[in-house]
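Everything below belongs to entry-v2.cif, which stores mmCIF, C-alpha atoms.
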data_my_file
loop_
_atom_site.group_PDB
_atom_site.id
_atom_site.type_symbol
_atom_site.label_atom_id
_atom_site.label_comp_id
_atom_site.auth_asym_id
_atom_site.auth_seq_id
_atom_site.Cartn_x
_atom_site.Cartn_y
_atom_site.Cartn_z
ATOM 1 C CA MET A 1 -42.278 -64.086 -31.352
ATOM 2 C CA THR A 2 -45.617 -65.643 -32.191
ATOM 3 C CA ALA A 3 -48.816 -63.660 -31.772
ATOM 4 C CA LYS A 4 -49.929 -65.840 -28.848
ATOM 5 C CA ILE A 5 -46.637 -65.431 -26.979
ATOM 6 C CA ARG A 6 -46.668 -61.701 -27.711
ATOM 7 C CA ILE A 7 -50.151 -61.340 -26.212
ATOM 8 C CA LEU A 8 -49.219 -63.397 -23.152
ATOM 9 C CA TYR A 9 -46.088 -61.291 -22.702
ATOM 10 C CA MET A 10 -48.010 -58.036 -22.945
ATOM 11 C CA VAL A 11 -50.707 -59.160 -20.529
ATOM 12 C CA GLY A 12 -48.088 -60.444 -18.091
ATOM 13 C CA LEU A 13 -46.114 -57.215 -18.295
ATOM 14 C CA SER A 14 -49.240 -55.134 -17.702
ATOM 15 C CA LEU A 15 -50.210 -57.213 -14.674
ATOM 16 C CA ALA A 16 -46.692 -57.038 -13.265
ATOM 17 C CA ILE A 17 -46.497 -53.265 -13.590
ATOM 18 C CA PHE A 18 -49.834 -52.738 -11.875
ATOM 19 C CA ALA A 19 -49.243 -55.354 -9.175
ATOM 20 C CA ILE A 20 -45.920 -53.816 -8.168
ATOM 21 C CA SER A 21 -47.355 -50.321 -8.012
ATOM 22 C CA ALA A 22 -50.491 -51.465 -6.198
ATOM 23 C CA ALA A 23 -48.307 -53.064 -3.542
ATOM 24 C CA ALA A 24 -46.643 -49.721 -2.943
ATOM 25 C CA ILE A 25 -50.026 -48.039 -2.646
ATOM 26 C CA ALA A 26 -51.310 -50.670 -0.234
ATOM 27 C CA SER A 27 -48.274 -50.134 1.968
ATOM 28 C CA GLY A 28 -49.317 -46.515 2.375
ATOM 29 C CA ARG A 29 -46.145 -45.153 0.791
ATOM 30 C CA PHE A 30 -47.726 -43.322 -2.146
ATOM 31 C CA ALA A 31 -47.900 -39.958 -0.430
ATOM 32 C CA PRO A 32 -48.422 -36.620 -2.141
ATOM 33 C CA VAL A 33 -46.923 -33.784 -0.132
ATOM 34 C CA ASN A 34 -48.614 -30.438 0.284
ATOM 35 C CA PRO A 35 -46.174 -28.044 -1.433
ATOM 36 C CA SER A 36 -46.375 -25.666 1.539
ATOM 37 C CA ASN A 37 -45.061 -28.340 3.929
ATOM 38 C CA GLU A 38 -41.469 -28.018 5.085
ATOM 39 C CA ASP A 39 -40.773 -31.551 3.823
ATOM 40 C CA ALA A 40 -41.720 -30.602 0.248
ATOM 41 C CA ASP A 41 -38.128 -29.736 -0.667
ATOM 42 C CA LYS A 42 -37.161 -33.370 0.004
ATOM 43 C CA ALA A 43 -39.940 -34.829 -2.164
ATOM 44 C CA ILE A 44 -39.907 -35.765 -5.850
ATOM 45 C CA VAL A 45 -41.516 -33.146 -8.069
ATOM 46 C CA ALA A 46 -43.850 -34.939 -10.477
ATOM 47 C CA ASN A 47 -45.894 -32.158 -12.062
ATOM 48 C CA ALA A 48 -43.499 -31.717 -14.991
ATOM 49 C CA VAL A 49 -43.088 -35.392 -15.935
ATOM 50 C CA THR A 50 -46.664 -36.573 -16.520
ATOM 51 C CA ILE A 51 -46.893 -35.072 -20.013
ATOM 52 C CA SER A 52 -44.643 -36.190 -22.867
ATOM 53 C CA PRO A 53 -42.597 -33.668 -24.844
ATOM 54 C CA PRO A 54 -44.563 -32.616 -27.962
ATOM 55 C CA ASP A 55 -42.166 -34.334 -30.376
ATOM 56 C CA ALA A 56 -42.225 -37.618 -28.435
ATOM 57 C CA VAL A 57 -45.783 -38.688 -29.233
ATOM 58 C CA SER A 58 -47.968 -39.139 -32.279
ATOM 59 C CA PHE A 59 -51.708 -38.992 -31.770
ATOM 60 C CA THR A 60 -54.349 -41.176 -33.409
ATOM 61 C CA ASP A 61 -57.718 -39.619 -34.224
ATOM 62 C CA LEU A 62 -60.475 -41.232 -32.149
ATOM 63 C CA THR A 63 -63.233 -38.776 -32.981
ATOM 64 C CA GLY A 64 -66.569 -40.578 -32.821
ATOM 65 C CA ARG A 65 -65.058 -43.665 -31.201
ATOM 66 C CA GLU A 66 -64.852 -44.736 -27.587
ATOM 67 C CA VAL A 67 -61.476 -44.262 -25.928
ATOM 68 C CA GLU A 68 -60.129 -47.744 -25.204
ATOM 69 C CA ALA A 69 -56.500 -48.352 -24.337
ATOM 70 C CA PRO A 70 -54.707 -51.454 -25.658
ATOM 71 C CA PHE A 71 -54.550 -54.385 -23.281
ATOM 72 C CA GLU A 72 -57.180 -52.812 -21.057
ATOM 73 C CA HIS A 73 -54.978 -50.135 -19.551
ATOM 74 C CA PRO A 74 -57.004 -47.869 -17.301
ATOM 75 C CA VAL A 75 -57.177 -44.464 -18.934
ATOM 76 C CA ALA A 76 -58.445 -41.121 -17.688
ATOM 77 C CA VAL A 77 -60.884 -39.336 -19.987
ATOM 78 C CA LEU A 78 -63.308 -36.438 -19.842
ATOM 79 C CA ASN A 79 -66.891 -37.517 -19.240
ATOM 80 C CA ASP A 80 -69.316 -37.294 -22.155
ATOM 81 C CA GLN A 81 -70.665 -33.896 -21.143
ATOM 82 C CA ALA A 82 -67.232 -32.262 -20.910
ATOM 83 C CA ALA A 83 -65.959 -34.037 -24.039
ATOM 84 C CA GLY A 84 -68.929 -32.514 -25.884
ATOM 85 C CA ASP A 85 -67.167 -29.135 -25.727
ATOM 86 C CA PHE A 86 -64.622 -30.364 -28.267
ATOM 87 C CA ASP A 87 -64.713 -31.250 -31.960
ATOM 88 C CA LYS A 88 -61.905 -33.779 -32.023
ATOM 89 C CA VAL A 89 -60.498 -36.486 -29.723
ATOM 90 C CA MET A 90 -57.021 -37.917 -30.257
ATOM 91 C CA ALA A 91 -55.005 -40.430 -28.254
ATOM 92 C CA HIS A 92 -51.505 -41.719 -27.706
ATOM 93 C CA PHE A 93 -51.046 -44.992 -25.808
ATOM 94 C CA LEU A 94 -47.805 -46.343 -24.420
ATOM 95 C CA ASP A 95 -46.011 -49.011 -26.424
ATOM 96 C CA LEU A 96 -45.448 -51.685 -23.797
ATOM 97 C CA TYR A 97 -42.381 -52.868 -25.703
ATOM 98 C CA SER A 98 -40.627 -49.525 -25.252
ATOM 99 C CA PRO A 99 -37.824 -49.293 -22.656
ATOM 100 C CA SER A 100 -39.762 -46.544 -20.846
ATOM 101 C CA ALA A 101 -42.528 -49.040 -20.096
ATOM 102 C CA GLN A 102 -40.186 -51.224 -18.073
ATOM 103 C CA PRO A 103 -38.283 -49.154 -15.493
ATOM 104 C CA ARG A 104 -35.936 -51.007 -13.153
ATOM 105 C CA PRO A 105 -37.386 -51.612 -9.654
ATOM 106 C CA ASP A 106 -34.933 -49.080 -8.194
ATOM 107 C CA GLU A 107 -35.474 -46.470 -10.931
ATOM 108 C CA ILE A 108 -37.578 -43.423 -10.138
ATOM 109 C CA ALA A 109 -39.743 -43.107 -13.227
ATOM 110 C CA PHE A 110 -43.208 -42.007 -14.274
ATOM 111 C CA VAL A 111 -44.680 -44.211 -17.007
ATOM 112 C CA ILE A 112 -47.223 -42.272 -19.070
ATOM 113 C CA LEU A 113 -49.750 -44.920 -20.067
ATOM 114 C CA ALA A 114 -52.106 -42.719 -22.076
ATOM 115 C CA GLU A 115 -52.505 -39.156 -23.346
ATOM 116 C CA ILE A 116 -55.926 -38.080 -24.605
ATOM 117 C CA LYS A 117 -56.148 -34.744 -26.410
ATOM 118 C CA TYR A 118 -59.467 -32.940 -26.776
ATOM 119 C CA SER A 119 -59.411 -30.202 -29.429
ATOM 120 C CA SER A 120 -61.659 -27.407 -30.596
ATOM 121 C CA SER A 121 -61.085 -24.291 -32.672
ATOM 122 C CA GLN A 122 -60.511 -22.439 -29.407
ATOM 123 C CA GLU A 123 -58.299 -24.691 -27.312
ATOM 124 C CA ASP A 124 -56.866 -28.097 -26.490
ATOM 125 C CA VAL A 125 -57.213 -29.968 -23.218
ATOM 126 C CA LEU A 126 -54.864 -32.872 -22.523
ATOM 127 C CA VAL A 127 -55.711 -35.661 -20.061
ATOM 128 C CA THR A 128 -52.907 -38.073 -19.181
ATOM 129 C CA THR A 129 -52.708 -41.243 -17.100
ATOM 130 C CA THR A 130 -49.353 -41.904 -15.424
ATOM 131 C CA LEU A 131 -48.089 -44.864 -13.405
ATOM 132 C CA PRO A 132 -45.214 -44.142 -10.988
ATOM 133 C CA SER A 133 -42.541 -46.827 -10.813
ATOM 134 C CA THR A 134 -42.109 -48.841 -7.633
ATOM 135 C CA ALA A 135 -39.263 -46.573 -6.531
ATOM 136 C CA ALA A 136 -41.267 -43.417 -7.257
ATOM 137 C CA SER A 137 -44.323 -44.761 -5.427
ATOM 138 C CA SER A 138 -42.222 -45.336 -2.328
ATOM 139 C CA GLN A 139 -41.274 -41.658 -2.173
ATOM 140 C CA SER A 140 -43.166 -38.543 -1.185
ATOM 141 C CA LEU A 141 -44.330 -36.703 -4.305
ATOM 142 C CA VAL A 142 -45.038 -33.041 -4.973
ATOM 143 C CA LEU A 143 -47.838 -32.981 -7.547
ATOM 144 C CA GLY A 144 -48.156 -29.217 -7.858
ATOM 145 C CA ASP A 145 -47.597 -25.780 -6.384
ATOM 146 C CA LYS A 146 -50.977 -25.419 -4.720
ATOM 147 C CA GLU A 147 -53.433 -27.878 -3.177
ATOM 148 C CA VAL A 148 -57.069 -27.401 -4.199
ATOM 149 C CA THR A 149 -60.391 -29.182 -3.842
ATOM 150 C CA LEU A 150 -62.174 -29.794 -7.130
ATOM 151 C CA ALA A 151 -65.931 -29.379 -7.569
ATOM 152 C CA ASN A 152 -66.349 -33.160 -7.240
ATOM 153 C CA GLY A 153 -64.646 -33.083 -3.812
ATOM 154 C CA ARG A 154 -61.374 -34.598 -5.001
ATOM 155 C CA THR A 155 -58.079 -33.204 -3.684
ATOM 156 C CA ALA A 156 -55.800 -32.039 -6.487
ATOM 157 C CA TRP A 157 -52.710 -29.937 -7.052
ATOM 158 C CA THR A 158 -52.313 -27.074 -9.522
ATOM 159 C CA THR A 159 -49.275 -25.668 -11.300
ATOM 160 C CA GLU A 160 -49.079 -22.681 -13.633
ATOM 161 C CA PHE A 161 -45.951 -22.919 -15.768
ATOM 162 C CA ASP A 162 -44.803 -19.899 -17.766
ATOM 163 C CA HIS A 163 -43.997 -21.922 -20.898
ATOM 164 C CA GLY A 164 -44.969 -24.991 -22.871
ATOM 165 C CA GLU A 165 -47.979 -26.212 -24.787
ATOM 166 C CA TYR A 166 -50.002 -27.027 -21.648
ATOM 167 C CA PRO A 167 -48.813 -24.613 -18.943
ATOM 168 C CA ASN A 168 -51.818 -24.822 -16.619
ATOM 169 C CA ARG A 169 -51.896 -28.269 -15.032
ATOM 170 C CA ILE A 170 -53.916 -30.098 -12.415
ATOM 171 C CA LEU A 171 -52.795 -33.440 -11.014
ATOM 172 C CA TYR A 172 -54.654 -35.830 -8.751
ATOM 173 C CA ILE A 173 -54.329 -39.438 -7.631
ATOM 174 C CA ASP A 174 -56.730 -42.178 -8.681
ATOM 175 C CA GLY A 175 -55.710 -45.447 -7.038
ATOM 176 C CA GLU A 176 -52.124 -46.163 -8.092
ATOM 177 C CA LEU A 177 -52.269 -43.684 -10.971
ATOM 178 C CA ILE A 178 -51.639 -39.967 -11.405
ATOM 179 C CA VAL A 179 -54.125 -38.134 -13.624
ATOM 180 C CA THR A 180 -53.112 -34.853 -15.239
ATOM 181 C CA VAL A 181 -55.488 -32.380 -16.875
ATOM 182 C CA ALA A 182 -53.666 -29.574 -18.696
ATOM 183 C CA SER A 183 -54.337 -26.706 -21.078
ATOM 184 C CA HIS A 184 -53.625 -23.104 -22.039
ATOM 185 C CA LEU A 185 -57.090 -22.310 -20.709
ATOM 186 C CA PRO A 186 -57.329 -20.274 -17.489
ATOM 187 C CA MET A 187 -56.805 -22.376 -14.384
ATOM 188 C CA ALA A 188 -60.455 -22.065 -13.377
ATOM 189 C CA GLU A 189 -61.433 -23.759 -16.650
ATOM 190 C CA VAL A 190 -58.793 -26.462 -16.221
ATOM 191 C CA GLU A 191 -60.154 -27.129 -12.714
ATOM 192 C CA ARG A 192 -63.636 -27.450 -14.176
ATOM 193 C CA TYR A 193 -62.468 -30.046 -16.679
ATOM 194 C CA ALA A 194 -60.427 -31.890 -14.041
ATOM 195 C CA ALA A 195 -63.598 -32.306 -11.986
ATOM 196 C CA GLU A 196 -65.222 -33.877 -15.059
ATOM 197 C CA ALA A 197 -62.435 -36.404 -15.641
ATOM 198 C CA THR A 198 -63.166 -40.059 -15.001
ATOM 199 C CA MET A 199 -61.366 -43.390 -15.370
ATOM 200 C CA ASN A 200 -62.407 -45.430 -18.396
#
Kindly return the structure encoded in the file as C-alpha cells.
Amino acid sequence: MTAKIRILYMVGLSLAIFAISAAAIASGRFAPVNPSNEDADKAIVANAVTISPPDAVSFTDLTGREVEAPFEHPVAVLNDQAAGDFDKVMAHFLDLYSPSAQPRPDEIAFVILAEIKYSSSQEDVLVTTTLPSTAASSQSLVLGDKEVTLANGRTAWTTEFDHGEYPNRILYIDGELIVTVASHLPMAEVERYAAEATMN
C-alpha cells in the first residue's frame, strides 16, 4: 500500500467511524442511564471498558510536547494548570489498522482512541477518550455507580473499584465520545481532575 493510499484510507476510516457514531448521537439514542434507575439493569455497563488492560498498551513519553493524536483524533487531556501537577506525560493512541478499531456495525464495542497518563512521584492520573460503536451508541449505557455534578457543571458518573491500577474512575460524555479520568487518588481528587479535563 503506497503512502498516499494509506493516508487516504486512514482519513476515510476516521471520518467513517465518527460519522456513524455522530448519527447515533443526533438520533438521541446515546443515553446514559442513572444507575439508580430501575432500567439500569437492562443497560450496557461501560465503566470497566474505557481503560485498556495494563499489558495491552505501550506508552510514548510526551513530556514537554503538546498532546496531538495521529490523524487529528479528538483526545481528552488535562488543562495546562492541572497537568502542571505532574512531572511526566505519556500517551497511547489507537492503531487504526487494528481489528479493534473497526467493529462491525452490529457489534457492541468501545473503541479507546487515546490514553494519556500523567505521572508524578506521588500518583498517576489516566485520561482516556473512547468512541462507542454504532451498536453501543444505540443502547442505554451505565457509565458509573453514582451520578455527580463536577465543579465545571458537567454531569458525570463515578465508580470505585476494589482492584486494578486505576480503581477510582469518573466518566462523562463529550459529544459522541466518553471521557474517563481515573486514578488511585481519592475520589474527590479524581473529580477535581475530571473538572479540569478538556478536549484537545
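Here the question is which of A:Leu171, A:Glu123, A:Tyr118, A:Ser133 gets nearest to Ala82 of chain A using only C-alpha atoms, and that residue is A:Tyr118.
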Output of the PyMOL selection byres ((chain A and resi 91-106) around 10), listed as a PyMOL selection string: chain A and resi 9-11+13-14+16-17+20+57-63+67-71+73+75+89-90+107-118+126-129+131-136
query: Around (-57.1, -17.8, -13.1) in the file's frame, which residues reach within 12 Å when counting all atoms listed in the file? Return as an NGL selection string?
result: :A and (158-160 or 168-169 or 184-192)
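Those residues returned by the PyMOL selection byres ((chain A and resi 162-165) around 8) for this file are Pro54, Glu160, Phe161, Tyr166, Pro167, Ser183 and His184 of chain A.
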What does the file look like for those residues with C-alpha atoms, as a tab-separated table (two decimals), keeping the file's coordinate frame?
chain	number	residue	atom	x	y	z
A	54	PRO	CA	-44.56	-32.62	-27.96
A	160	GLU	CA	-49.08	-22.68	-13.63
A	161	PHE	CA	-45.95	-22.92	-15.77
A	166	TYR	CA	-50.00	-27.03	-21.65
A	167	PRO	CA	-48.81	-24.61	-18.94
A	183	SER	CA	-54.34	-26.71	-21.08
A	184	HIS	CA	-53.62	-23.10	-22.04
- prompt: With distances taken over all atoms listed in the file, which of A:Val33, A:Ala182, A:Ala194, A:Ala56 is nearest to Leu150 of chain A?
  reply: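 For Leu150 of chain A, the nearest of the given residues is A:Ala194.
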query: Looking at A:Ser119, A:Ile51, A:Met199, A:Thr149, which one is nearest to Gly84 of chain A, with distances taken over all atoms listed in the file?
result: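 Answer, going by the shortest atom-to-atom distance: A:Ser119.
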- request: Place a sphere of radius 9 Å on (-62.7, -34.4, -14.0) in the file coordinates and name every protein, DNA or RNA residue with an atom inside or on its surface, counting only C-alpha atoms; give the answer as a PyMOL selection string.
  value: chain A and resi 76-79+82+150-152+181+191-198
message: One decimal, in Å: what's the spacing between atom CA of Ile178 of chain A and atom CA of Gly144 of chain A?
response: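 Taking atom CA of Ile178 of chain A as the start and atom CA of Gly144 of chain A as the end point, the length is 11.8 Å.
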- prompt: Leaving out Leu141 of chain A and any residue of its chain fewer than 5 positions from it, which residues lie within 7 Å of it when counting all atoms listed in the file, given as a ChimeraX atom specification?
  reply: /A:31-33,43-46
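Closest to Arg65 of chain A among A:Ser52, A:Glu147, A:Ser121, A:Lys88 is A:Lys88, based on only C-alpha atoms.
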- prompt: What does the distance from atom CA of Leu177 of chain A to atom CA of Asp55 of chain A come to in Å, to one decimal?
  reply: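 Separation between atom CA of Leu177 of chain A and atom CA of Asp55 of chain A: 23.8 Å.
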Given all atoms listed in the file as the counted atoms, nearest of A:Asp87, A:Asp124, A:Asp174, A:Asp145 to Ala48 of chain A: A:Asp145
message: So, with all atoms listed in the file as the atoms that count, which of A:Val148, A:Val179, A:Ala156, A:Ala83 lies closest to Val125 of chain A?
response: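 Counting all atoms listed in the file, the residue closest to Val125 of chain A is A:Ala83.
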